[in-house]
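As provided, start-v6.tsv (TSV, C-alpha atoms (C1' of nucleotides)) reads as follows.
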```tsv
chain	number	residue	atom	x	y	z
A	1	MET	CA	-14.09	-38.72	-17.89
A	2	LEU	CA	-13.00	-35.25	-18.83
A	3	ASN	CA	-16.48	-33.93	-19.42
A	4	GLN	CA	-17.12	-34.50	-15.77
A	5	ALA	CA	-17.41	-30.73	-15.36
A	6	ALA	CA	-20.86	-30.61	-16.94
A	7	ASP	CA	-22.06	-33.45	-14.73
A	8	ILE	CA	-20.85	-31.75	-11.58
A	9	ASP	CA	-22.48	-28.59	-12.79
A	10	GLN	CA	-25.84	-30.26	-13.08
A	11	VAL	CA	-25.64	-32.12	-9.80
A	12	LEU	CA	-24.58	-29.08	-7.82
A	13	ALA	CA	-27.21	-26.90	-9.46
A	14	ALA	CA	-29.82	-29.56	-8.72
A	15	LEU	CA	-28.82	-29.75	-5.06
A	16	ALA	CA	-28.64	-25.98	-4.67
A	17	ASP	CA	-32.43	-25.79	-4.41
A	18	PRO	CA	-34.06	-26.50	-1.02
A	19	THR	CA	-37.13	-28.09	-2.55
A	20	ARG	CA	-35.01	-30.51	-4.53
A	21	ARG	CA	-32.90	-31.33	-1.49
A	22	ALA	CA	-36.15	-32.05	0.36
A	23	ILE	CA	-37.19	-34.43	-2.40
A	24	VAL	CA	-33.79	-36.08	-2.27
A	25	GLU	CA	-34.04	-36.53	1.49
A	26	ARG	CA	-37.51	-37.98	1.15
A	27	LEU	CA	-36.28	-40.43	-1.49
A	28	GLY	CA	-33.51	-41.39	0.91
A	29	SER	CA	-36.03	-43.45	2.82
A	30	GLY	CA	-37.19	-45.31	-0.27
A	31	PRO	CA	-38.78	-44.90	-3.70
A	32	ALA	CA	-41.97	-42.87	-4.05
A	33	SER	CA	-44.52	-41.78	-6.60
A	34	VAL	CA	-44.75	-38.25	-7.93
A	35	THR	CA	-47.91	-37.48	-6.01
A	36	THR	CA	-46.44	-38.84	-2.79
A	37	LEU	CA	-43.40	-36.64	-3.21
A	38	ALA	CA	-45.57	-33.63	-3.98
A	39	ALA	CA	-47.89	-34.05	-1.01
A	40	PRO	CA	-45.81	-32.28	1.68
A	41	LEU	CA	-44.50	-29.59	-0.66
A	42	PRO	CA	-46.17	-26.17	-0.75
A	43	MET	CA	-46.54	-25.95	-4.51
A	44	SER	CA	-48.47	-27.33	-7.44
A	45	LEU	CA	-47.87	-30.77	-8.84
A	46	PRO	CA	-46.43	-29.57	-12.16
A	47	ALA	CA	-43.87	-27.58	-10.17
A	48	VAL	CA	-42.77	-30.73	-8.40
A	49	VAL	CA	-42.60	-32.58	-11.69
A	50	GLN	CA	-40.30	-29.89	-13.01
A	51	HIS	CA	-38.04	-30.28	-9.99
A	52	LEU	CA	-38.00	-34.01	-10.60
A	53	GLN	CA	-36.99	-33.42	-14.19
A	54	VAL	CA	-34.03	-31.37	-13.01
A	55	LEU	CA	-33.04	-34.12	-10.60
A	56	GLU	CA	-33.41	-36.73	-13.30
A	57	ARG	CA	-31.36	-34.76	-15.83
A	58	SER	CA	-28.63	-34.47	-13.21
A	59	GLY	CA	-28.61	-38.22	-12.73
A	60	LEU	CA	-29.43	-38.06	-9.04
A	61	VAL	CA	-32.86	-39.60	-9.54
A	62	VAL	CA	-34.16	-42.26	-11.87
A	63	SER	CA	-37.79	-43.11	-12.49
A	64	GLU	CA	-39.92	-45.60	-14.31
A	65	LYS	CA	-43.55	-45.62	-15.12
A	66	HIS	CA	-45.80	-48.58	-14.42
A	67	GLY	CA	-49.35	-48.10	-15.45
A	68	ARG	CA	-50.25	-44.58	-14.53
A	69	ILE	CA	-47.87	-44.08	-11.65
A	70	ARG	CA	-44.25	-43.01	-11.98
A	71	THR	CA	-41.95	-44.30	-9.28
A	72	CYS	CA	-38.83	-42.30	-8.47
A	73	ARG	CA	-35.75	-43.47	-6.65
A	74	LEU	CA	-32.23	-42.27	-5.96
A	75	ASP	CA	-29.08	-43.21	-7.82
A	76	PRO	CA	-26.11	-42.54	-5.54
A	77	THR	CA	-23.40	-42.93	-8.18
A	78	ARG	CA	-23.57	-39.39	-9.42
A	79	LEU	CA	-23.33	-38.10	-5.91
A	80	GLU	CA	-20.13	-40.01	-5.42
A	81	THR	CA	-18.53	-37.96	-8.20
A	82	VAL	CA	-19.35	-34.68	-6.51
A	83	GLU	CA	-18.40	-35.87	-3.07
A	84	GLN	CA	-15.05	-36.93	-4.51
A	85	TRP	CA	-14.57	-33.57	-6.22
A	86	ILE	CA	-15.23	-31.71	-3.01
A	87	ALA	CA	-13.15	-34.03	-0.86
A	88	ASP	CA	-10.19	-33.74	-3.24
A	89	ARG	CA	-10.16	-29.98	-3.15
A	90	ARG	CA	-10.79	-29.68	0.54
A	91	SER	CA	-7.97	-32.01	1.47
A	92	THR	CA	-5.59	-30.20	-0.86
A	93	TRP	CA	-6.40	-26.84	0.65
A	94	GLU	CA	-6.13	-28.10	4.17
A	95	ARG	CA	-2.78	-29.63	3.48
A	96	ARG	CA	-1.67	-26.28	2.09
A	97	LEU	CA	-2.96	-24.47	5.15
A	98	ASP	CA	-1.23	-26.97	7.43
A	99	ARG	CA	2.08	-26.42	5.69
A	100	LEU	CA	1.56	-22.68	6.00
A	101	GLY	CA	0.91	-23.17	9.69
A	102	GLU	CA	4.17	-25.09	10.11
A	103	VAL	CA	6.13	-22.31	8.46
A	104	LEU	CA	4.53	-19.72	10.71
A	105	ASP	CA	5.33	-21.84	13.76
A	106	LYS	CA	9.04	-21.87	12.88
A	107	PRO	CA	10.28	-18.30	13.22
A	108	GLY	CA	13.69	-17.50	11.82
A	109	GLN	CA	13.17	-18.49	8.22
A	110	GLN	CA	10.83	-15.92	6.74
A	111	PRO	CA	9.80	-13.65	9.61
A	112	PRO	CA	6.27	-12.27	9.24
A	113	LYS	CA	6.19	-8.50	9.30
A	114	ALA	CA	3.83	-8.38	12.29
A	115	GLY	CA	4.62	-9.96	15.60
A	116	MET	CA	2.69	-13.08	16.54
A	117	LYS	CA	2.43	-12.25	20.25
B	118	MET	CA	-26.88	-25.15	13.74
B	119	LEU	CA	-30.30	-25.70	12.34
B	120	ASN	CA	-30.04	-22.90	9.85
B	121	GLN	CA	-27.39	-24.91	8.11
B	122	ALA	CA	-29.77	-25.28	5.18
B	123	ALA	CA	-29.23	-21.71	4.05
B	124	ASP	CA	-25.46	-22.13	4.24
B	125	ILE	CA	-25.53	-25.30	2.17
B	126	ASP	CA	-27.78	-23.52	-0.26
B	127	GLN	CA	-25.27	-20.75	-0.78
B	128	VAL	CA	-22.25	-23.01	-1.03
B	129	LEU	CA	-23.88	-25.36	-3.52
B	130	ALA	CA	-25.20	-22.47	-5.60
B	131	ALA	CA	-21.74	-20.90	-5.56
B	132	LEU	CA	-20.08	-24.12	-6.70
B	133	ALA	CA	-22.70	-24.81	-9.37
B	134	ASP	CA	-21.08	-22.26	-11.67
B	135	PRO	CA	-18.07	-23.35	-13.78
B	136	THR	CA	-16.41	-19.94	-13.60
B	137	ARG	CA	-16.60	-19.95	-9.83
B	138	ARG	CA	-15.28	-23.50	-9.65
B	139	ALA	CA	-12.38	-22.37	-11.85
B	140	ILE	CA	-11.67	-19.55	-9.42
B	141	VAL	CA	-11.84	-21.98	-6.53
B	142	GLU	CA	-9.41	-24.34	-8.25
B	143	ARG	CA	-7.03	-21.49	-8.97
B	144	LEU	CA	-7.17	-20.41	-5.34
B	145	GLY	CA	-6.37	-23.97	-4.37
B	146	SER	CA	-2.76	-23.31	-5.32
B	147	GLY	CA	-2.55	-20.21	-3.14
B	148	PRO	CA	-3.96	-16.73	-2.59
B	149	ALA	CA	-4.29	-14.36	-5.51
B	150	SER	CA	-5.38	-10.83	-6.37
B	151	VAL	CA	-8.59	-10.03	-8.20
B	152	THR	CA	-6.79	-9.10	-11.41
B	153	THR	CA	-4.72	-12.27	-11.30
B	154	LEU	CA	-7.84	-14.35	-10.91
B	155	ALA	CA	-9.55	-12.47	-13.74
B	156	ALA	CA	-6.68	-12.80	-16.20
B	157	PRO	CA	-7.46	-16.28	-17.61
B	158	LEU	CA	-11.21	-15.82	-17.53
B	159	PRO	CA	-13.08	-14.81	-20.70
B	160	MET	CA	-15.06	-11.98	-19.17
B	161	SER	CA	-14.79	-8.46	-17.82
B	162	LEU	CA	-13.25	-7.68	-14.45
B	163	PRO	CA	-16.51	-6.54	-12.83
B	164	ALA	CA	-18.01	-9.90	-13.78
B	165	VAL	CA	-15.20	-11.68	-11.95
B	166	VAL	CA	-15.66	-9.41	-8.96
B	167	GLN	CA	-19.32	-10.38	-8.87
B	168	HIS	CA	-18.38	-14.04	-8.88
B	169	LEU	CA	-15.98	-13.38	-6.04
B	170	GLN	CA	-18.75	-11.70	-4.09
B	171	VAL	CA	-20.89	-14.80	-4.46
B	172	LEU	CA	-18.00	-16.97	-3.27
B	173	GLU	CA	-17.36	-14.65	-0.35
B	174	ARG	CA	-21.02	-14.54	0.69
B	175	SER	CA	-21.02	-18.34	0.66
B	176	GLY	CA	-18.01	-18.39	2.97
B	177	LEU	CA	-15.82	-20.34	0.58
B	178	VAL	CA	-13.50	-17.41	0.00
B	179	VAL	CA	-12.21	-14.66	2.24
B	180	SER	CA	-10.35	-11.55	1.14
B	181	GLU	CA	-8.56	-8.56	2.54
B	182	LYS	CA	-7.40	-5.37	0.93
B	183	HIS	CA	-3.91	-3.99	1.34
B	184	GLY	CA	-3.24	-0.76	-0.44
B	185	ARG	CA	-4.97	-1.05	-3.77
B	186	ILE	CA	-4.89	-4.80	-4.16
B	187	ARG	CA	-7.39	-7.25	-2.73
B	188	THR	CA	-6.00	-10.66	-1.93
B	189	CYS	CA	-8.38	-13.62	-1.97
B	190	ARG	CA	-7.88	-17.02	-0.41
B	191	LEU	CA	-9.92	-20.10	0.36
B	192	ASP	CA	-11.55	-21.03	3.62
B	193	PRO	CA	-12.14	-24.78	3.65
B	194	THR	CA	-14.40	-24.90	6.70
B	195	ARG	CA	-17.61	-24.22	4.85
B	196	LEU	CA	-16.80	-26.90	2.36
B	197	GLU	CA	-16.55	-29.41	5.15
B	198	THR	CA	-20.21	-28.82	5.95
B	199	VAL	CA	-21.33	-29.63	2.44
B	200	GLU	CA	-19.03	-32.60	2.09
B	201	GLN	CA	-20.50	-33.94	5.31
B	202	TRP	CA	-24.05	-33.37	4.09
B	203	ILE	CA	-23.39	-35.25	0.89
B	204	ALA	CA	-21.45	-38.03	2.57
B	205	ASP	CA	-24.22	-38.58	5.11
B	206	ARG	CA	-26.89	-38.95	2.49
B	207	ARG	CA	-24.85	-41.03	0.14
B	208	SER	CA	-23.87	-43.52	2.81
B	209	THR	CA	-27.48	-43.81	3.93
B	210	TRP	CA	-28.72	-44.53	0.43
B	211	GLU	CA	-26.00	-47.01	-0.26
B	212	ARG	CA	-26.72	-48.87	2.93
B	213	ARG	CA	-30.36	-49.00	1.87
B	214	LEU	CA	-29.39	-50.28	-1.56
B	215	ASP	CA	-27.08	-52.86	-0.01
B	216	ARG	CA	-29.84	-54.18	2.20
B	217	LEU	CA	-32.10	-54.33	-0.82
B	218	GLY	CA	-29.39	-56.31	-2.59
B	219	GLU	CA	-29.18	-58.78	0.27
B	220	VAL	CA	-32.89	-59.37	0.16
B	221	LEU	CA	-32.74	-59.96	-3.57
B	222	ASP	CA	-29.84	-62.38	-3.08
B	223	LYS	CA	-31.87	-64.47	-0.65
B	224	PRO	CA	-34.69	-66.00	-2.64
B	225	GLY	CA	-37.44	-67.64	-0.64
B	226	GLN	CA	-38.59	-64.68	1.37
B	227	GLN	CA	-40.10	-62.29	-1.13
B	228	PRO	CA	-39.42	-63.81	-4.54
B	229	PRO	CA	-38.92	-61.21	-7.25
B	230	LYS	CA	-41.23	-61.76	-10.15
B	231	ALA	CA	-38.39	-62.04	-12.67
B	232	GLY	CA	-35.64	-64.62	-12.43
B	233	MET	CA	-32.12	-63.38	-11.75
B	234	LYS	CA	-30.35	-65.86	-14.01
C	235	DT	C1'	-68.81	-46.93	-19.88
C	236	DC	C1'	-68.13	-43.30	-16.76
C	237	DA	C1'	-65.58	-41.06	-13.31
C	238	DA	C1'	-61.72	-40.63	-10.70
C	239	DT	C1'	-56.73	-40.89	-10.52
C	240	DA	C1'	-51.97	-39.86	-11.83
C	241	DC	C1'	-49.66	-37.56	-14.24
C	242	DT	C1'	-48.29	-34.62	-18.72
C	243	DT	C1'	-48.05	-30.66	-21.74
C	244	DA	C1'	-48.18	-25.94	-22.77
C	245	DA	C1'	-48.27	-21.16	-22.14
C	246	DG	C1'	-47.08	-17.38	-19.46
C	247	DC	C1'	-45.30	-14.44	-15.65
C	248	DG	C1'	-41.95	-12.28	-12.32
C	249	DC	C1'	-37.54	-12.31	-10.60
C	250	DG	C1'	-32.80	-13.04	-10.10
C	251	DG	C1'	-28.29	-14.50	-12.21
C	252	DG	C1'	-24.50	-13.55	-15.24
C	253	DC	C1'	-22.81	-10.43	-18.13
C	254	DT	C1'	-21.83	-5.79	-20.23
C	255	DT	C1'	-20.35	-0.80	-20.52
C	256	DG	C1'	-19.17	3.55	-18.48
C	257	DA	C1'	-17.88	6.36	-14.95
C	258	DC	C1'	-15.57	6.70	-10.57
C	259	DT	C1'	-12.26	6.26	-6.24
C	260	DG	C1'	-8.05	5.47	-4.21
C	261	DA	C1'	-3.09	3.82	-4.35
C	262	DT	C1'	1.22	3.85	-6.76
C	263	DT	C1'	4.71	5.26	-10.09
C	264	DC	C1'	7.15	8.39	-13.02
D	265	DG	C1'	1.04	16.37	-9.98
D	266	DA	C1'	-0.14	13.60	-14.04
D	267	DA	C1'	-0.63	9.09	-15.65
D	268	DT	C1'	-1.36	4.43	-14.57
D	269	DC	C1'	-3.04	0.66	-12.04
D	270	DA	C1'	-6.36	-2.10	-9.10
D	271	DG	C1'	-10.59	-2.31	-7.91
D	272	DT	C1'	-15.54	-0.38	-7.16
D	273	DC	C1'	-20.23	1.24	-8.26
D	274	DA	C1'	-24.27	1.67	-10.98
D	275	DA	C1'	-27.28	0.90	-14.62
D	276	DG	C1'	-29.17	-2.04	-17.85
D	277	DC	C1'	-29.81	-6.23	-20.81
D	278	DC	C1'	-31.05	-11.01	-21.65
D	279	DC	C1'	-32.19	-15.34	-20.48
D	280	DG	C1'	-33.29	-19.18	-17.62
D	281	DC	C1'	-35.46	-20.60	-13.23
D	282	DG	C1'	-39.34	-21.46	-10.28
D	283	DC	C1'	-43.83	-21.11	-10.20
D	284	DT	C1'	-48.66	-20.71	-11.82
D	285	DT	C1'	-53.14	-22.03	-14.24
D	286	DA	C1'	-55.55	-24.50	-17.76
D	287	DA	C1'	-56.22	-28.15	-20.58
D	288	DG	C1'	-55.03	-32.79	-22.18
D	289	DT	C1'	-53.80	-38.09	-21.95
D	290	DA	C1'	-53.60	-42.61	-20.14
D	291	DT	C1'	-54.85	-45.92	-16.69
D	292	DT	C1'	-57.85	-47.90	-13.37
D	293	DG	C1'	-61.89	-49.15	-10.50
D	294	DA	C1'	-66.83	-49.33	-10.04
```

What is this file in structure tokens?
Amino acid sequence: MLNQAADIDQVLAALADPTRRAIVERLGSGPASVTTLAAPLPMSLPAVVQHLQVLERSGLVVSEKHGRIRTCRLDPTRLETVEQWIADRRSTWERRLDRLGEVLDKPGQQPPKAGMK
Amino acid sequence: MLNQAADIDQVLAALADPTRRAIVERLGSGPASVTTLAAPLPMSLPAVVQHLQVLERSGLVVSEKHGRIRTCRLDPTRLETVEQWIADRRSTWERRLDRLGEVLDKPGQQPPKAGMK
DNA sequence: TCAATACTTAAGCGCGGGCTTGACTGATTC
DNA sequence: GAATCAGTCAAGCCCGCGCTTAAGTATTGA
């Protein structure tokens, strides 16, 4: 649970690409084959396969092959990790900023050098 | 509000790097100067500055220079956008998966080919 | 069995990311 | 005013990313 850093790394890097986010959104409405996923994308099929490999390495997508078609679907668990990471930090910062705001609203303790109008 | 894609792109790309996440975590405990941020990092100061530029372009960090020192701090608003994006998708997928689970729990409609013990 | 389908593998190319070193500017301290 | 400190700018290096084309492998339907 400490090597979570590498996981987050991979998930964020995977999601940082617009094409891969498009694939992820498409998979949000249900599983799909490689060719289906590739159809609307303005690139060759091997390129899409490479994007899918990135998504699969990151754990966001899982796939299984039946016959000659590979079906891909989402696995939301990994996303939960990242969402948690972000939410944790954001709430911490905002709490900090709120406290800072309170201090600034109470003049008399540590007067800011510039007036606050 | 439609060009949010580019913003998300930048924020995710910025957070996909471990060094930049370390900077972000450090800034979570309060503003800091460039040199302070660079101190624990195993790289040259210009390298850190470049990371800070990425963070600043993404909107995660803001900075201002007083005299010869530049003070950096976090701006949580951009992070909210990404958290929202992730949360939206995750909840959608999980709802989908839940519905799928319900269907599988109600045999008689579309019997799965394998028994579920 | 032959042809079409659905990938898969491999090689290669251009570009940008992350890092370095070296030289420089501007603020502060002695 | 010289030395130091904090940061900036510029050039260059290396490697991985995103993409391509070309050729190969199974699977499937006629």

Matching each Cα of chain B to its counterpart in chain A by order, what RMSD results from the least-squares fit?
0.4 Å

Per residue of chain A within 10 Å of chain D, what are the shortest atom pair and its distance in Å to one decimal, counting all atoms listed in the file, with rows by chain and residue number, as CSV?
```
residue,atom,partner,partner_atom,distance
A:Met43,CA,D:DC283,C1',7.9
A:Ser44,CA,D:DT284,C1',7.9
A:Pro46,CA,D:DC283,C1',9.1
A:Ala47,CA,D:DC283,C1',6.5
A:Val48,CA,D:DC283,C1',9.8
A:Gln50,CA,D:DG282,C1',8.9
A:His51,CA,D:DG282,C1',8.9
A:His66,CA,D:DT291,C1',9.7
A:Gly67,CA,D:DT291,C1',6.0
A:Arg68,CA,D:DT291,C1',5.3
A:Ile69,CA,D:DT291,C1',8.8
```

Enclosing box along x, y and z for every listed atom of region 183-194 of chain B, padded 3 Å each side, centre and size in Å, one decimal, as AutoDock Vina command-line options:
```
--center_x -8.8 --center_y -12.8 --center_z 1.3 --size_x 17.2 --size_y 30.1 --size_z 16.9
```

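Nearest to chain C of all the residues A:Gln4, A:Thr71, A:Thr19, A:Ser29 is A:Thr71, counting only C-alpha atoms (C1' of nucleotides).
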
By how many Å are CA of Arg70 (chain A) and CA of Ala13 (chain A) apart?
23.6 Å

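For the atom pair formed by C1' of DC241 (chain C) and CA of Arg206 (chain B), the distance is 28.3 Å, given to one decimal.
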
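Closest approach to chain B among A:Leu12, A:Leu27, A:Val34, A:Cys72 is made by A:Leu12 (distances from all atoms listed in the file).
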
Please list, as a PyMOL selection string, the residues that have an atom at most 12 Å away from (-14.3, -19.8, -8.8) in the coordinates of this file, counting only C-alpha atoms (C1' of nucleotides).
chain B and resi 128+130-145+149+151+154-155+157-158+164-173+175+177-178+189-191

Select, as a ChimeraX atom specification, those residues of chain C with any atom no more than 9 Å from chain A (distances computed using all atoms listed in the file).
/C:239-242

Please save C-alpha atoms (C1' of nucleotides) of the selected residues as a compact mmCIF listing (two decimals), in the coordinates of the input.
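Contents of again.txt, freshly written:
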```txt
# COMPACT_ATOMS: atom_id res chain seq x y z
C1' DT C 239 -56.73 -40.89 -10.52
C1' DA C 240 -51.97 -39.86 -11.83
C1' DC C 241 -49.66 -37.56 -14.24
C1' DT C 242 -48.29 -34.62 -18.72
```

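Our summary of the geometry notes that CA of Thr198 (chain B) is positioned 13.4 Å from CA of Ser91 (chain A).
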
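Nearest to chain A of all the residues B:Arg216, B:Arg174, B:Val179, B:Asp126 is B:Asp126, based on all atoms listed in the file.
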
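With distances restricted to all atoms listed in the file, B:Trp210 is the closest residue to chain A from B:Ser180, B:Trp210, B:Asp124, B:Thr153.
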